[in-house]
Amino acid sequence: MALLTLSALLSTQALALEIVATAPSMGALVRELTGTDNGLAVLAEPDRDLHSLQAKPSMIRALRDADLLVALGADLESGWLPAAINSAANRRIQPGQPGYFEAAAQVPLLDVGGPADRAGGDVHPVGNPHVDMDPRRMKQIADALAERLALLDPSGAEHYRRNATAFGDKVEARMDGWQRQLDGAIGVVLYHRDAVYLLDRFNVALLGTIEEVPGVPPSGSQLKQLANQLGNLQGGDGIILFAPYQSPKAPRKLAAELGWPIWQLPLQPPVNADGDGWLRHIDRWVDAIANGG
């Protein structure tokens, strides 16, 4: 009975914060660490492009009352989130405050460098922001987020830390199996460099991207050049993957030209996912790559 009472008390303490997550993957981590949906708002559905959302009144209302904002960061949400934060006029979640948390700031990034000119497309000179596609980085982010939650809500500190450790254990329990599935997998063509963390983690070859300029649909000549390059690869096999918000026209044309399988996969888990839901999201990607769609 004492243990039950303690568990119930910790769950109650975990409801102490109003939290806003920009992406379903970040919402999944919040649910995993707090053990609840209560007090959590997720700003984007899984089929939306986080580069190009619009700041809406509903977002601003959620941000106005938030104690903690959990973003992916690395400029992924830079086109809309700063405006939403400013409109919310909530000092607690301003960048530099304890209530502002960026996942990408907690881990080493890929694709660092490059021009900072937005005229060149969806460029991220600080690094690739799609860190939520790498299980080990998500484990690190969970640990860092648990510490931020503990700072804001000291009474629930052990609850958050214990849940972060449990999430990390679940990640590690899957790693060998994922690697076995992907050993010897065919290479991947992505529409955008949004799943490179997953490919890099498991040593799967990235054969190319459909976008020559990030965020800009390819021209017919660019697509033809890519098809020629891919057709001349040794081995000659690959899979083409793209997200629901990316136009299927170019991927389908490339797949028809090469005779390769094509698969549409969300970059985010379901909006109501917890840590287990996020792990199933990675399962889906691993299965698609391992089985050629």
# chains A, B, ... in the order shown; residues from 1 in each chain; ligands from 1
$ residues_around --residues "region 61-70 of chain A" --least-positions-apart "2" --cutoff "7 Å" --atoms "only C-alpha atoms" --output "list in words"
Leu17, Glu18, Ile19, Val20, Ala21, Thr22, Met26, Ala41, Pro57, Ser58, Met59, Leu72, Ile85, Ala88, Ala89, Asn90, Arg92, Ile93, Gly99, Tyr100, Phe101 and Glu102 of chain A
$ write_last_selection --atoms "C-alpha atoms" --output "PDB file, in the first residue's frame"
ATOM      1  CA  LEU A  17       3.974  21.484 -15.384  1.00  0.00           C
ATOM      2  CA  GLU A  18       2.196  22.806 -18.460  1.00  0.00           C
ATOM      3  CA  ILE A  19       4.335  21.610 -21.383  1.00  0.00           C
ATOM      4  CA  VAL A  20       4.240  22.388 -25.111  1.00  0.00           C
ATOM      5  CA  ALA A  21       6.080  20.182 -27.632  1.00  0.00           C
ATOM      6  CA  THR A  22       6.577  21.313 -31.212  1.00  0.00           C
ATOM      7  CA  MET A  26       9.059  15.466 -28.481  1.00  0.00           C
ATOM      8  CA  ALA A  41       0.075  20.227 -25.970  1.00  0.00           C
ATOM      9  CA  PRO A  57      -3.837  31.393 -32.376  1.00  0.00           C
ATOM     10  CA  SER A  58      -4.196  27.914 -30.838  1.00  0.00           C
ATOM     11  CA  MET A  59      -0.401  27.585 -30.685  1.00  0.00           C
ATOM     12  CA  LEU A  72      13.623  19.957 -31.906  1.00  0.00           C
ATOM     13  CA  ILE A  85       6.810  32.664 -28.742  1.00  0.00           C
ATOM     14  CA  ALA A  88       2.622  34.463 -26.465  1.00  0.00           C
ATOM     15  CA  ALA A  89       4.567  36.977 -24.320  1.00  0.00           C
ATOM     16  CA  ASN A  90       5.577  34.242 -21.877  1.00  0.00           C
ATOM     17  CA  ARG A  92       9.301  31.442 -18.974  1.00  0.00           C
ATOM     18  CA  ILE A  93       9.751  29.884 -22.447  1.00  0.00           C
ATOM     19  CA  GLY A  99      11.529  26.731 -19.773  1.00  0.00           C
ATOM     20  CA  TYR A 100      13.024  26.592 -23.275  1.00  0.00           C
ATOM     21  CA  PHE A 101      14.502  23.218 -24.282  1.00  0.00           C
ATOM     22  CA  GLU A 102      15.979  22.260 -27.667  1.00  0.00           C
TER      23      GLU A 102
END
$ residues_around --residues "Ala185 (chain A)" --least-positions-apart "3" --cutoff "10 Å" --atoms "only C-alpha atoms" --output "number ranges by chain"
A: 179-182, 188, 202-205, 237-239, 286, 289-292
$ write_last_selection --atoms "C-alpha atoms" --output "short mmCIF file (atom, residue, chain, number, x, y, z; two decimals), in the first residue's frame"
data_model
loop_
_atom_site.label_atom_id
_atom_site.label_comp_id
_atom_site.auth_asym_id
_atom_site.auth_seq_id
_atom_site.Cartn_x
_atom_site.Cartn_y
_atom_site.Cartn_z
CA GLN A 179 21.26 -3.61 -36.54
CA ARG A 180 20.79 -7.26 -37.50
CA GLN A 181 17.81 -6.30 -39.63
CA LEU A 182 19.77 -3.60 -41.42
CA VAL A 188 18.22 4.50 -49.57
CA PHE A 202 22.96 1.69 -38.61
CA ASN A 203 25.47 2.12 -41.46
CA VAL A 204 22.88 2.14 -44.24
CA ALA A 205 24.05 3.87 -47.42
CA ASP A 237 19.37 -1.71 -56.08
CA GLY A 238 17.87 0.77 -53.65
CA ILE A 239 14.67 1.96 -52.04
CA VAL A 286 13.76 -0.30 -40.02
CA ILE A 289 14.48 -0.46 -45.27
CA ALA A 290 15.30 -4.06 -44.37
CA ASN A 291 12.52 -5.50 -46.53
CA GLY A 292 12.76 -3.09 -49.44
#
$ closest_residue --among "A:Ser247, A:Asn232, A:Gln54, A:Thr36" --to "Ile210 (chain A)" --atoms "only C-alpha atoms"
A:Ser247
$ residues_around --residues "region 74-84 of chain A" --least-positions-apart "6" --cutoff "10 Å" --atoms "only C-alpha atoms" --output "number ranges by chain"
A: 22-23, 49-64, 94-95, 102-105, 109, 122-131
$ select_by_dssp --residues "region 83-266 of chain A" --states "strand (DSSP E or B)" --output "list of chain:residue names"
A:Tyr100, A:Phe101, A:Glu102, A:Gly187, A:Val188, A:Val189, A:Leu190, A:Leu206, A:Leu207, A:Gly208, A:Thr209, A:Val213, A:Val216, A:Gly238, A:Ile239, A:Ile240, A:Leu241, A:Phe242, A:Ile262, A:Trp263, A:Gln264
$ closest_residue --among "A:Pro98, A:Gly220, A:Pro244, A:Pro251" --to "Gln264 (chain A)" --atoms "only C-alpha atoms"
A:Pro244
$ residues_around --residues "Arg284 (chain A)" --least-positions-apart "3" --cutoff "10 Å" --atoms "only C-alpha atoms" --output "PyMOL selection string"
chain A and resi 265-266+269+278-281+287-290+293
$ write_last_selection --atoms "C-alpha atoms" --output "mmCIF file, in the first residue's frame"
data_model
loop_
_atom_site.group_PDB
_atom_site.id
_atom_site.type_symbol
_atom_site.label_atom_id
_atom_site.label_comp_id
_atom_site.auth_asym_id
_atom_site.auth_seq_id
_atom_site.Cartn_x
_atom_site.Cartn_y
_atom_site.Cartn_z
ATOM 1 C CA LEU A 265 6.738 6.891 -44.281
ATOM 2 C CA PRO A 266 5.943 9.541 -41.654
ATOM 3 C CA PRO A 269 5.178 9.010 -34.634
ATOM 4 C CA TRP A 278 8.139 6.274 -30.850
ATOM 5 C CA LEU A 279 10.035 2.957 -30.754
ATOM 6 C CA ARG A 280 7.351 1.386 -32.968
ATOM 7 C CA HIS A 281 7.826 4.329 -35.339
ATOM 8 C CA ASP A 287 11.304 -2.862 -41.406
ATOM 9 C CA ALA A 288 10.749 -0.829 -44.579
ATOM 10 C CA ILE A 289 14.477 -0.458 -45.272
ATOM 11 C CA ALA A 290 15.301 -4.060 -44.367
ATOM 12 C CA GLY A 293 9.413 -1.520 -48.596
#
$ closest_residue --among "A:Gly96, A:Pro46, A:Gly113, A:Gly39" --to "Asn272 (chain A)" --atoms "only C-alpha atoms"
A:Pro46
$ atom_distance --atom1 "CA of Ile282 (chain A)" --atom2 "CA of Ala164 (chain A)"
18.0 Å
$ residues_around --residues "Pro135 (chain A)" --least-positions-apart "2" --cutoff "9 Å" --atoms "only C-alpha atoms" --output "list in words"
Val131, Asp132, Met133, Arg137, Met138, Lys139, Gln140, Gly168, Val171, Glu172, Met175, Tyr197, Leu198, Arg201, Leu279 and Ile282 of chain A
$ atom_distance --atom1 "CA of Ser219 (chain A)" --atom2 "CA of Ala44 (chain A)"
29.1 Å
$ closest_residue --among "A:Leu207, A:Ala273, A:Leu223, A:Ala146" --to "Thr165 (chain A)" --atoms "only C-alpha atoms"
A:Ala146
$ select_by_dssp --residues "region 63-164 of chain A" --states "helix (DSSP H, G or I)" --output "PDB file with N, CA and C atoms, in the first residue's frame"
ATOM      1  N   LEU A  63       1.234  28.243 -25.801  1.00  0.00           N
ATOM      2  CA  LEU A  63       2.530  28.759 -25.375  1.00  0.00           C
ATOM      3  C   LEU A  63       2.398  29.789 -24.258  1.00  0.00           C
ATOM      4  N   ARG A  64       1.302  30.501 -24.238  1.00  0.00           N
ATOM      5  CA  ARG A  64       1.118  31.566 -23.237  1.00  0.00           C
ATOM      6  C   ARG A  64       1.105  31.004 -21.817  1.00  0.00           C
ATOM      7  N   LEU A  81       8.228  29.378 -35.072  1.00  0.00           N
ATOM      8  CA  LEU A  81       8.211  29.288 -33.616  1.00  0.00           C
ATOM      9  C   LEU A  81       8.613  30.599 -32.933  1.00  0.00           C
ATOM     10  N   PRO A  82       9.672  31.300 -33.370  1.00  0.00           N
ATOM     11  CA  PRO A  82      10.001  32.562 -32.699  1.00  0.00           C
ATOM     12  C   PRO A  82       8.838  33.558 -32.696  1.00  0.00           C
ATOM     13  N   ALA A  83       8.113  33.628 -33.815  1.00  0.00           N
ATOM     14  CA  ALA A  83       6.968  34.547 -33.882  1.00  0.00           C
ATOM     15  C   ALA A  83       5.882  34.121 -32.899  1.00  0.00           C
ATOM     16  N   ALA A  84       5.662  32.810 -32.791  1.00  0.00           N
ATOM     17  CA  ALA A  84       4.647  32.312 -31.865  1.00  0.00           C
ATOM     18  C   ALA A  84       5.043  32.585 -30.414  1.00  0.00           C
ATOM     19  N   ILE A  85       6.330  32.392 -30.105  1.00  0.00           N
ATOM     20  CA  ILE A  85       6.810  32.664 -28.742  1.00  0.00           C
ATOM     21  C   ILE A  85       6.652  34.144 -28.403  1.00  0.00           C
ATOM     22  N   ASN A  86       7.035  34.986 -29.347  1.00  0.00           N
ATOM     23  CA  ASN A  86       6.922  36.426 -29.097  1.00  0.00           C
ATOM     24  C   ASN A  86       5.476  36.839 -28.891  1.00  0.00           C
ATOM     25  N   SER A  87       4.579  36.279 -29.687  1.00  0.00           N
ATOM     26  CA  SER A  87       3.160  36.629 -29.554  1.00  0.00           C
ATOM     27  C   SER A  87       2.585  36.127 -28.233  1.00  0.00           C
ATOM     28  N   ALA A  88       3.117  35.010 -27.728  1.00  0.00           N
ATOM     29  CA  ALA A  88       2.622  34.463 -26.465  1.00  0.00           C
ATOM     30  C   ALA A  88       3.025  35.309 -25.265  1.00  0.00           C
ATOM     31  N   ARG A  91       7.531  34.904 -20.616  1.00  0.00           N
ATOM     32  CA  ARG A  91       8.964  34.993 -20.340  1.00  0.00           C
ATOM     33  C   ARG A  91       9.567  33.630 -19.999  1.00  0.00           C
ATOM     34  N   ARG A  92       8.770  32.734 -19.421  1.00  0.00           N
ATOM     35  CA  ARG A  92       9.301  31.442 -18.974  1.00  0.00           C
ATOM     36  C   ARG A  92       9.872  30.606 -20.110  1.00  0.00           C
ATOM     37  N   ILE A  93       9.338  30.758 -21.333  1.00  0.00           N
ATOM     38  CA  ILE A  93       9.751  29.884 -22.447  1.00  0.00           C
ATOM     39  C   ILE A  93      10.588  30.616 -23.485  1.00  0.00           C
ATOM     40  N   ALA A 103      16.041  19.929 -28.302  1.00  0.00           N
ATOM     41  CA  ALA A 103      16.615  18.583 -28.373  1.00  0.00           C
ATOM     42  C   ALA A 103      17.960  18.588 -29.084  1.00  0.00           C
ATOM     43  N   ALA A 104      18.056  19.324 -30.198  1.00  0.00           N
ATOM     44  CA  ALA A 104      19.279  19.308 -30.995  1.00  0.00           C
ATOM     45  C   ALA A 104      20.472  19.883 -30.245  1.00  0.00           C
ATOM     46  N   ALA A 105      20.222  20.723 -29.243  1.00  0.00           N
ATOM     47  CA  ALA A 105      21.311  21.310 -28.458  1.00  0.00           C
ATOM     48  C   ALA A 105      21.907  20.315 -27.474  1.00  0.00           C
ATOM     49  N   GLN A 106      21.307  19.153 -27.322  1.00  0.00           N
ATOM     50  CA  GLN A 106      21.761  18.178 -26.316  1.00  0.00           C
ATOM     51  C   GLN A 106      22.675  17.112 -26.898  1.00  0.00           C
ATOM     52  N   ARG A 118      19.040  31.572 -46.467  1.00  0.00           N
ATOM     53  CA  ARG A 118      17.805  30.836 -46.690  1.00  0.00           C
ATOM     54  C   ARG A 118      17.424  30.795 -48.162  1.00  0.00           C
ATOM     55  N   ALA A 119      18.023  31.656 -48.993  1.00  0.00           N
ATOM     56  CA  ALA A 119      17.759  31.586 -50.426  1.00  0.00           C
ATOM     57  C   ALA A 119      18.238  30.269 -51.006  1.00  0.00           C
ATOM     58  N   GLY A 120      19.128  29.582 -50.284  1.00  0.00           N
ATOM     59  CA  GLY A 120      19.621  28.283 -50.737  1.00  0.00           C
ATOM     60  C   GLY A 120      18.735  27.132 -50.317  1.00  0.00           C
ATOM     61  N   VAL A 131      17.243  15.032 -35.338  1.00  0.00           N
ATOM     62  CA  VAL A 131      17.905  14.135 -34.383  1.00  0.00           C
ATOM     63  C   VAL A 131      16.973  13.069 -33.825  1.00  0.00           C
ATOM     64  N   ASP A 132      15.664  13.294 -33.958  1.00  0.00           N
ATOM     65  CA  ASP A 132      14.699  12.354 -33.396  1.00  0.00           C
ATOM     66  C   ASP A 132      14.560  11.077 -34.219  1.00  0.00           C
ATOM     67  N   MET A 133      15.363  10.937 -35.272  1.00  0.00           N
ATOM     68  CA  MET A 133      15.387   9.693 -36.039  1.00  0.00           C
ATOM     69  C   MET A 133      16.531   8.774 -35.610  1.00  0.00           C
ATOM     70  N   PRO A 135      17.936   6.543 -32.488  1.00  0.00           N
ATOM     71  CA  PRO A 135      17.579   6.047 -31.149  1.00  0.00           C
ATOM     72  C   PRO A 135      18.555   6.452 -30.052  1.00  0.00           C
ATOM     73  N   ARG A 136      19.853   6.390 -30.323  1.00  0.00           N
ATOM     74  CA  ARG A 136      20.807   6.714 -29.264  1.00  0.00           C
ATOM     75  C   ARG A 136      20.778   8.206 -28.926  1.00  0.00           C
ATOM     76  N   ARG A 137      20.610   9.045 -29.904  1.00  0.00           N
ATOM     77  CA  ARG A 137      20.483  10.468 -29.601  1.00  0.00           C
ATOM     78  C   ARG A 137      19.193  10.739 -28.822  1.00  0.00           C
ATOM     79  N   MET A 138      18.131  10.043 -29.167  1.00  0.00           N
ATOM     80  CA  MET A 138      16.892  10.231 -28.409  1.00  0.00           C
ATOM     81  C   MET A 138      17.068   9.802 -26.951  1.00  0.00           C
ATOM     82  N   LYS A 139      17.854   8.771 -26.736  1.00  0.00           N
ATOM     83  CA  LYS A 139      18.163   8.357 -25.365  1.00  0.00           C
ATOM     84  C   LYS A 139      18.888   9.479 -24.618  1.00  0.00           C
ATOM     85  N   GLN A 140      19.864  10.119 -25.256  1.00  0.00           N
ATOM     86  CA  GLN A 140      20.570  11.239 -24.635  1.00  0.00           C
ATOM     87  C   GLN A 140      19.627  12.409 -24.381  1.00  0.00           C
ATOM     88  N   ILE A 141      18.757  12.680 -25.351  1.00  0.00           N
ATOM     89  CA  ILE A 141      17.812  13.789 -25.210  1.00  0.00           C
ATOM     90  C   ILE A 141      16.865  13.525 -24.047  1.00  0.00           C
ATOM     91  N   ALA A 142      16.430  12.281 -23.894  1.00  0.00           N
ATOM     92  CA  ALA A 142      15.545  11.932 -22.777  1.00  0.00           C
ATOM     93  C   ALA A 142      16.227  12.200 -21.437  1.00  0.00           C
ATOM     94  N   ASP A 143      17.494  11.853 -21.331  1.00  0.00           N
ATOM     95  CA  ASP A 143      18.224  12.116 -20.083  1.00  0.00           C
ATOM     96  C   ASP A 143      18.300  13.619 -19.798  1.00  0.00           C
ATOM     97  N   ALA A 144      18.603  14.391 -20.857  1.00  0.00           N
ATOM     98  CA  ALA A 144      18.710  15.843 -20.676  1.00  0.00           C
ATOM     99  C   ALA A 144      17.354  16.459 -20.346  1.00  0.00           C
ATOM    100  N   LEU A 145      16.305  15.969 -20.986  1.00  0.00           N
ATOM    101  CA  LEU A 145      14.969  16.497 -20.715  1.00  0.00           C
ATOM    102  C   LEU A 145      14.526  16.153 -19.295  1.00  0.00           C
ATOM    103  N   ALA A 146      14.888  14.968 -18.826  1.00  0.00           N
ATOM    104  CA  ALA A 146      14.562  14.598 -17.441  1.00  0.00           C
ATOM    105  C   ALA A 146      15.202  15.574 -16.460  1.00  0.00           C
ATOM    106  N   GLU A 147      16.434  15.978 -16.739  1.00  0.00           N
ATOM    107  CA  GLU A 147      17.100  16.938 -15.858  1.00  0.00           C
ATOM    108  C   GLU A 147      16.427  18.303 -15.914  1.00  0.00           C
ATOM    109  N   ARG A 148      15.955  18.705 -17.099  1.00  0.00           N
ATOM    110  CA  ARG A 148      15.270  19.991 -17.189  1.00  0.00           C
ATOM    111  C   ARG A 148      13.933  19.951 -16.439  1.00  0.00           C
ATOM    112  N   LEU A 149      13.219  18.839 -16.586  1.00  0.00           N
ATOM    113  CA  LEU A 149      11.978  18.675 -15.831  1.00  0.00           C
ATOM    114  C   LEU A 149      12.246  18.702 -14.327  1.00  0.00           C
ATOM    115  N   ALA A 150      13.336  18.042 -13.918  1.00  0.00           N
ATOM    116  CA  ALA A 150      13.696  18.018 -12.498  1.00  0.00           C
ATOM    117  C   ALA A 150      14.017  19.419 -11.984  1.00  0.00           C
ATOM    118  N   LEU A 151      14.649  20.232 -12.821  1.00  0.00           N
ATOM    119  CA  LEU A 151      14.957  21.609 -12.434  1.00  0.00           C
ATOM    120  C   LEU A 151      13.679  22.410 -12.222  1.00  0.00           C
ATOM    121  N   LEU A 152      12.712  22.227 -13.103  1.00  0.00           N
ATOM    122  CA  LEU A 152      11.471  22.987 -13.036  1.00  0.00           C
ATOM    123  C   LEU A 152      10.505  22.434 -12.002  1.00  0.00           C
ATOM    124  N   PRO A 154      11.286  20.080  -8.939  1.00  0.00           N
ATOM    125  CA  PRO A 154      12.178  19.249  -8.119  1.00  0.00           C
ATOM    126  C   PRO A 154      11.471  18.107  -7.396  1.00  0.00           C
ATOM    127  N   SER A 155      10.211  18.291  -7.050  1.00  0.00           N
ATOM    128  CA  SER A 155       9.507  17.238  -6.318  1.00  0.00           C
ATOM    129  C   SER A 155       9.309  15.975  -7.152  1.00  0.00           C
ATOM    130  N   GLY A 156       9.347  16.102  -8.482  1.00  0.00           N
ATOM    131  CA  GLY A 156       9.196  14.934  -9.342  1.00  0.00           C
ATOM    132  C   GLY A 156      10.498  14.447  -9.942  1.00  0.00           C
ATOM    133  N   ALA A 157      11.637  14.946  -9.445  1.00  0.00           N
ATOM    134  CA  ALA A 157      12.927  14.692 -10.083  1.00  0.00           C
ATOM    135  C   ALA A 157      13.228  13.208 -10.252  1.00  0.00           C
ATOM    136  N   GLU A 158      13.067  12.427  -9.205  1.00  0.00           N
ATOM    137  CA  GLU A 158      13.400  11.005  -9.295  1.00  0.00           C
ATOM    138  C   GLU A 158      12.462  10.266 -10.243  1.00  0.00           C
ATOM    139  N   HIS A 159      11.225  10.692 -10.283  1.00  0.00           N
ATOM    140  CA  HIS A 159      10.250  10.128 -11.221  1.00  0.00           C
ATOM    141  C   HIS A 159      10.718  10.323 -12.665  1.00  0.00           C
ATOM    142  N   TYR A 160      11.110  11.543 -13.011  1.00  0.00           N
ATOM    143  CA  TYR A 160      11.564  11.838 -14.370  1.00  0.00           C
ATOM    144  C   TYR A 160      12.841  11.059 -14.696  1.00  0.00           C
ATOM    145  N   ARG A 161      13.773  11.048 -13.778  1.00  0.00           N
ATOM    146  CA  ARG A 161      15.047  10.365 -14.027  1.00  0.00           C
ATOM    147  C   ARG A 161      14.856   8.865 -14.166  1.00  0.00           C
ATOM    148  N   ARG A 162      14.021   8.305 -13.346  1.00  0.00           N
ATOM    149  CA  ARG A 162      13.760   6.863 -13.426  1.00  0.00           C
ATOM    150  C   ARG A 162      13.122   6.502 -14.775  1.00  0.00           C
ATOM    151  N   ASN A 163      12.190   7.317 -15.227  1.00  0.00           N
ATOM    152  CA  ASN A 163      11.547   7.051 -16.505  1.00  0.00           C
ATOM    153  C   ASN A 163      12.506   7.236 -17.675  1.00  0.00           C
ATOM    154  N   ALA A 164      13.418   8.196 -17.574  1.00  0.00           N
ATOM    155  CA  ALA A 164      14.427   8.366 -18.626  1.00  0.00           C
ATOM    156  C   ALA A 164      15.341   7.155 -18.696  1.00  0.00           C
TER     157      ALA A 164
END
$ atom_distance --atom1 "CA of Pro217 (chain A)" --atom2 "CA of Val42 (chain A)"
28.1 Å
$ closest_residue --among "A:Ala195, A:Thr34, A:Gly73, A:Ala227" --to "Ala256 (chain A)" --atoms "only C-alpha atoms"
A:Ala227
